[in-house]
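Take a look at the structure set out below.
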Protein chains: 2
Amino acid sequence: MKYSVSEENYLKVIYHLQDQSGLVSTTSLAKALKTKPASVTEMTKKLKSKKLLHYQPYRGFRLTQEGNKAALGIIRRHRLWEYFLAEKLRFSWEEVHELAEELEHVRHKKLIDRLDAFLGFPRLDPHGDPIPDKDGQLATADVICLTELPENTSALISRVTNQSFSLLEMLRQRNMKIGTPIEILKRNAFDESLDVRINRQRSINLSKTIAEQIFVVVT
Amino acid sequence: MKYSVSEENYLKVIYHLQDQSGLVSTTSLAKALKTKPASVTEMTKKLKSKKLLHYQPYRGFRLTQEGNKAALGIIRRHRLWEYFLAEKLRFSWEEVHELAEELEHVRHKKLIDRLDAFLGFPRLDPHGDPIPDKDGQLATADVICLTELPENTSALISRVTNQSFSLLEMLRQRNMKIGTPIEILKRNAFDESLDVRINRQRSINLSKTIAEQIFVVVT
DNA sequence: ATAAAATTTTAGGCAAATCTAAAAATCAAA
DNA sequence: TTTGATTTTTAGATTTGCCTAAAATTTTAT
């Protein structure tokens with residue numbers, strides 16, 4: 001029931017990679033964890049023996065139900081701390097991720113549940129990512145990727161799925177945050193970039209790479 | 001400047017033991033850290049090489065200025081988190097110590113300074129222990145040990161220097177907390193226990209062992 | 001279909017922090 | 001002041017998580 005910091009990091013990263021692409025490879029995990037493939041092979045062996053992941057040699061990994069539950073617990077802690085850091089300690093959204101990476105490993109059920117209550121049971125973290133509840137339930141919203149939004153349709157930015165400091169800083173400089181109105185004016189075929197209107201005023205251009213990280217709800 | 005969790009624990013414990021008895025022995029450190037003397041010898045060797053402690057083989061340890069500064073930083077984090085846990089998350093004073101033991105090792109200067117500001121720059125933690133400020137300064141109050149308080153002199157409980165769960169729970173059950181009025185009615189020569197009046201009403205008996213852990217300010 | 005390229009695993013090591021058992025140094029008491 | 005008890009240190013292992021280099025396997029491209 002209690003896992004080491006290292007094991008927790010593996011579980012969390014596998015959970016995130018899994019979201020995007022069913023099976024997770026040794027190399028992608030190594031890259032995400034900034035470690036070497038050989039180390040991944042060892043640790044995943046251990047996690048398999050603890051029944052936290054399904055693992056076929058030379059094929060890939062997938063979390064078991066048990067592993068999924070553990071990962072959601074870690075993500076709950078991470079996102080609650082992010083919310084605390086942003087709302088109470090006034091950190092910017094590009095700063096909170098790194099700090100929460102450490103706080104998330106303090107794992108006392110009661111502490112986290114009290115923190116949750118203190119914060120008023122928030123459902124979304126500062127990046128718009130859903131916070132699992134006590135029982136690991138995720139609130140799912142009907143968001144679509146900005147790249148899927150039809151032209152001339154009003155929407156609100158609701159989630160940014162990449163925690164990179166430089167992306168978040170860039171968005172903040174452009175006044176784009178969770179809840180900001182956004183609308184696509186034109187799709188540029190050449191580089192697949194988008195001309196968008198922000199806050200019903202400024203019109204700017206977003207590269208495909210950035211647009212892929214932004215999720216919106218149609219209003 | 002950045003120390004491992006283990007090194008930090010050594011520094012913190014040495015700081016506390018030093019307070020009571022100038023030089024710290026290998027055995028006492030081992031006991032306090034729940035480890036073996038052999039392990040202490042190794043780690044203290046390392047801390048000495050980092051110039052964090054003065055250390056004479058077979059004699060004992062004492063923190064250097066550098067080591068003292070590091071210890072105060074750790075204690076600052078610990079006590080600020082304790083204050084947070086008690087004031088904001090409503091944990092009882094016997095619960096906060098253990099939780100803060102983990103939170104204290106998240107060491108980002110900015111995080112701690114923001115937390116300090118969020119809490120309103122508290123000067124005392126829930127046990128009445130002073131919280132070092134940004135620069136490691138400790139507010140010193142003119143407290144005396146309850147055992148030194150003259151008879152029939154009004155005082156306020158201002159500090160409890162032992163974090164043991166059972167002591168704190170015991171005090172809470174007797175309605176003794178920081179700020180509670182207290183007065184010695186009688187010293188019992190036989191077992192050195194004290195008859196004291198709490199809150200200007202209830203009169204109870206305190207063993208010498210307990211009285212030694214309680215500090216008061218005369219009013 | 002097979003050779004080259006890429007991925008994954010194994011083998012053997014390393015560093016940190018711990019342990020036990022035994023040796024060395026110090027202290028204490030007759 | 002010498003001997004026995006206590007404390008401290010050394011020596012050698014263990015565990016965790018990582019590493020590099022080399023071997024095994026799978027994939028890809030001709």
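The chains in the structure tokens are called A, B, ... from first to last as shown; in each chain the residues are counted from 1, and the ligands are counted from 1 in the order shown.
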
Give me the residues near stretch 26-28 of chain C as a tab-separated table (two decimals) with N, CA and C atoms (P, O5', C5', C4', C3', O3' and C1' of nucleotides), in the first residue's frame, where near means some atom within 9 Å (using only C-alpha atoms (C1' of nucleotides)) and where sequence neighbours in that chain fewer than 5 positions away do not count.
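Wrote out.tsv, looks like this:
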```tsv
chain	number	residue	atom	x	y	z
B	58	TYR	N	35.58	9.54	19.48
B	58	TYR	CA	35.39	9.06	20.86
B	58	TYR	C	34.92	10.14	21.83
D	5	DA	P	32.43	-7.10	33.51
D	5	DA	O5'	31.98	-5.63	33.07
D	5	DA	C5'	31.74	-4.66	34.09
D	5	DA	C4'	31.34	-3.36	33.41
D	5	DA	C3'	30.29	-3.52	32.31
D	5	DA	O3'	29.34	-2.48	32.48
D	5	DA	C1'	32.22	-2.46	31.43
D	6	DT	P	28.10	-2.26	31.47
D	6	DT	O5'	28.65	-1.08	30.56
D	6	DT	C5'	29.00	0.16	31.15
D	6	DT	C4'	29.53	1.08	30.08
D	6	DT	C3'	28.60	1.20	28.86
D	6	DT	O3'	28.33	2.58	28.69
D	6	DT	C1'	30.83	0.81	28.19
D	7	DT	P	27.36	3.17	27.57
D	7	DT	O5'	28.42	3.71	26.51
D	7	DT	C5'	29.43	4.61	26.94
D	7	DT	C4'	30.37	4.83	25.79
D	7	DT	C3'	29.66	5.15	24.47
D	7	DT	O3'	30.17	6.39	24.04
D	7	DT	C1'	31.28	3.44	24.16
D	8	DT	P	29.72	7.09	22.69
D	8	DT	O5'	30.79	6.52	21.65
D	8	DT	C5'	32.16	6.84	21.84
D	8	DT	C4'	32.98	6.15	20.78
D	8	DT	C3'	32.51	6.43	19.34
D	8	DT	O3'	33.57	7.10	18.69
D	8	DT	C1'	32.98	4.12	19.68
```

Contact set, chain A to chain B: 8 Å, only C-alpha atoms, as a list in words: Lys88, Leu89, Leu99, Glu102, Leu103, Val106, His108, Leu111, Arg114, Leu115 and Phe118 of chain A

Just need the residues of chain B within 9 Å of chain C, counting only C-alpha atoms (C1' of nucleotides), so spit them out as a PyMOL selection string. chain B and resi 6+35-36+38-39+43+58

Could you list, as a count of residues only, the residues of chain B having an atom within 8 Å of chain D when counting only C-alpha atoms (C1' of nucleotides)? 7

Who sits within 9 Å of B:Trp93, only C-alpha atoms (C1' of nucleotides), same chain under 5 positions skipped, as a list in words: Glu82, Leu85, Ala86, Pro126, His127, Gln163, Phe165, Leu168, Glu169 and Arg172 of chain B

Please write the residues from the selection above to a file, keeping N, CA, C and O atoms, as a PDB file, in the first residue's frame.
```
ATOM      1  N   GLU B  82       3.887  22.942  10.897  1.00  0.00           N
ATOM      2  CA  GLU B  82       3.080  22.595  12.068  1.00  0.00           C
ATOM      3  C   GLU B  82       1.996  23.641  12.285  1.00  0.00           C
ATOM      4  O   GLU B  82       0.839  23.321  12.550  1.00  0.00           O
ATOM      5  N   LEU B  85      -0.691  23.200   9.683  1.00  0.00           N
ATOM      6  CA  LEU B  85      -1.525  22.023   9.943  1.00  0.00           C
ATOM      7  C   LEU B  85      -2.509  22.282  11.076  1.00  0.00           C
ATOM      8  O   LEU B  85      -3.678  21.870  11.011  1.00  0.00           O
ATOM      9  N   ALA B  86      -2.050  22.966  12.103  1.00  0.00           N
ATOM     10  CA  ALA B  86      -2.924  23.208  13.249  1.00  0.00           C
ATOM     11  C   ALA B  86      -3.932  24.315  12.954  1.00  0.00           C
ATOM     12  O   ALA B  86      -5.135  24.142  13.186  1.00  0.00           O
ATOM     13  N   PRO B 126       2.491  25.488  17.227  1.00  0.00           N
ATOM     14  CA  PRO B 126       1.398  25.073  18.121  1.00  0.00           C
ATOM     15  C   PRO B 126       1.854  24.573  19.490  1.00  0.00           C
ATOM     16  O   PRO B 126       1.041  24.469  20.406  1.00  0.00           O
ATOM     17  N   HIS B 127       3.138  24.249  19.641  1.00  0.00           N
ATOM     18  CA  HIS B 127       3.624  23.815  20.947  1.00  0.00           C
ATOM     19  C   HIS B 127       4.284  24.966  21.699  1.00  0.00           C
ATOM     20  O   HIS B 127       4.862  24.762  22.765  1.00  0.00           O
ATOM     21  N   GLN B 163       7.517  16.424  22.053  1.00  0.00           N
ATOM     22  CA  GLN B 163       6.497  16.252  21.016  1.00  0.00           C
ATOM     23  C   GLN B 163       5.794  14.902  21.121  1.00  0.00           C
ATOM     24  O   GLN B 163       5.071  14.520  20.214  1.00  0.00           O
ATOM     25  N   PHE B 165       3.380  12.055  21.362  1.00  0.00           N
ATOM     26  CA  PHE B 165       1.926  12.024  21.160  1.00  0.00           C
ATOM     27  C   PHE B 165       1.200  11.850  22.488  1.00  0.00           C
ATOM     28  O   PHE B 165       0.253  12.561  22.792  1.00  0.00           O
ATOM     29  N   LEU B 168       1.202  14.963  24.813  1.00  0.00           N
ATOM     30  CA  LEU B 168       0.352  16.052  24.322  1.00  0.00           C
ATOM     31  C   LEU B 168      -1.131  15.707  24.465  1.00  0.00           C
ATOM     32  O   LEU B 168      -1.953  16.546  24.817  1.00  0.00           O
ATOM     33  N   GLU B 169      -1.427  14.443  24.216  1.00  0.00           N
ATOM     34  CA  GLU B 169      -2.815  13.991  24.342  1.00  0.00           C
ATOM     35  C   GLU B 169      -3.267  14.116  25.806  1.00  0.00           C
ATOM     36  O   GLU B 169      -4.366  14.584  26.106  1.00  0.00           O
ATOM     37  N   ARG B 172      -3.917  17.676  26.666  1.00  0.00           N
ATOM     38  CA  ARG B 172      -5.170  18.148  26.068  1.00  0.00           C
ATOM     39  C   ARG B 172      -6.371  17.664  26.887  1.00  0.00           C
ATOM     40  O   ARG B 172      -7.300  18.420  27.164  1.00  0.00           O
TER      41      ARG B 172
END
```

How would you write, as number ranges by chain, the set of residues in stretch 33-176 of chain A that DSSP gives as strand (DSSP E)? A: 53-56, 60-63, 144-145, 155-160

Write out as a CSV table (one decimal) with C-alpha atoms, in the first residue's frame all residues of stretch 35-170 of chain A that DSSP puts in helix (DSSP H, G or I) for this structure's backbone.
```
chain,number,residue,atom,x,y,z
A,37,PRO,CA,16.1,2.0,-20.3
A,38,ALA,CA,18.0,-0.6,-18.3
A,39,SER,CA,16.8,1.0,-15.1
A,40,VAL,CA,13.2,1.0,-16.4
A,41,THR,CA,13.4,-2.7,-17.1
A,42,GLU,CA,14.4,-3.3,-13.5
A,43,MET,CA,11.9,-1.1,-11.8
A,44,THR,CA,9.0,-2.4,-14.0
A,45,LYS,CA,10.0,-5.9,-13.0
A,46,LYS,CA,9.5,-4.9,-9.4
A,47,LEU,CA,6.2,-3.2,-10.1
A,48,LYS,CA,5.0,-6.2,-12.0
A,49,SER,CA,5.8,-8.4,-9.1
A,65,GLN,CA,-6.6,-1.8,-11.7
A,66,GLU,CA,-4.5,-1.7,-8.6
A,67,GLY,CA,-1.8,0.3,-10.3
A,68,ASN,CA,-4.4,2.7,-11.7
A,69,LYS,CA,-5.9,3.3,-8.3
A,70,ALA,CA,-2.4,4.0,-6.9
A,71,ALA,CA,-1.7,6.4,-9.7
A,72,LEU,CA,-4.9,8.3,-9.2
A,73,GLY,CA,-4.0,8.7,-5.5
A,74,ILE,CA,-0.7,10.3,-6.4
A,75,ILE,CA,-2.4,12.5,-9.0
A,76,ARG,CA,-5.0,13.6,-6.5
A,77,ARG,CA,-2.2,14.7,-4.1
A,78,HIS,CA,-0.3,16.4,-6.8
A,79,ARG,CA,-3.3,18.4,-8.1
A,80,LEU,CA,-4.6,19.4,-4.6
A,81,TRP,CA,-1.2,20.8,-3.7
A,82,GLU,CA,-1.1,22.6,-7.1
A,83,TYR,CA,-4.4,24.2,-6.2
A,84,PHE,CA,-3.2,25.1,-2.8
A,85,LEU,CA,0.0,26.7,-4.2
A,86,ALA,CA,-1.9,28.7,-6.8
A,87,GLU,CA,-4.9,29.8,-4.7
A,93,TRP,CA,0.5,28.3,-12.9
A,94,GLU,CA,3.9,27.7,-14.4
A,95,GLU,CA,5.5,27.4,-10.9
A,96,VAL,CA,3.1,25.1,-9.2
A,97,HIS,CA,3.9,21.9,-11.1
A,98,GLU,CA,7.5,21.6,-10.0
A,99,LEU,CA,6.7,22.3,-6.3
A,100,ALA,CA,3.8,19.9,-6.3
A,101,GLU,CA,6.2,17.2,-7.6
A,102,GLU,CA,7.7,17.1,-4.2
A,103,LEU,CA,4.7,17.7,-2.0
A,109,LYS,CA,-4.6,10.0,3.7
A,110,LYS,CA,-5.9,12.3,6.5
A,111,LEU,CA,-3.6,15.1,5.5
A,112,ILE,CA,-4.8,15.1,1.9
A,113,ASP,CA,-8.5,14.8,2.8
A,114,ARG,CA,-8.2,17.7,5.2
A,115,LEU,CA,-6.4,19.7,2.6
A,116,ASP,CA,-9.1,18.9,0.2
A,117,ALA,CA,-11.8,20.1,2.6
A,118,PHE,CA,-9.7,23.3,3.5
A,146,LEU,CA,-8.6,23.5,-29.7
A,147,THR,CA,-7.5,21.9,-33.0
A,148,GLU,CA,-11.0,20.3,-33.3
A,165,PHE,CA,7.2,26.1,-17.7
A,166,SER,CA,7.9,27.9,-21.0
A,167,LEU,CA,4.6,27.0,-22.6
A,168,LEU,CA,2.6,28.2,-19.6
A,169,GLU,CA,4.7,31.4,-19.3
A,170,MET,CA,4.0,32.0,-23.0
```

Tell me, as a PyMOL selection string, which residues lie within 12 Å of A:Arg200, counting only C-alpha atoms (C1' of nucleotides); anything in the same chain fewer than 6 positions away does not count. chain A and resi 152-156+175-176+180-185

Quick one: residues within 9 Å of B:Ser158, only C-alpha atoms (C1' of nucleotides), excluding same-chain residues fewer than 5 positions away - as a ChimeraX atom specification? /B:127-129,143,177-180,214-217
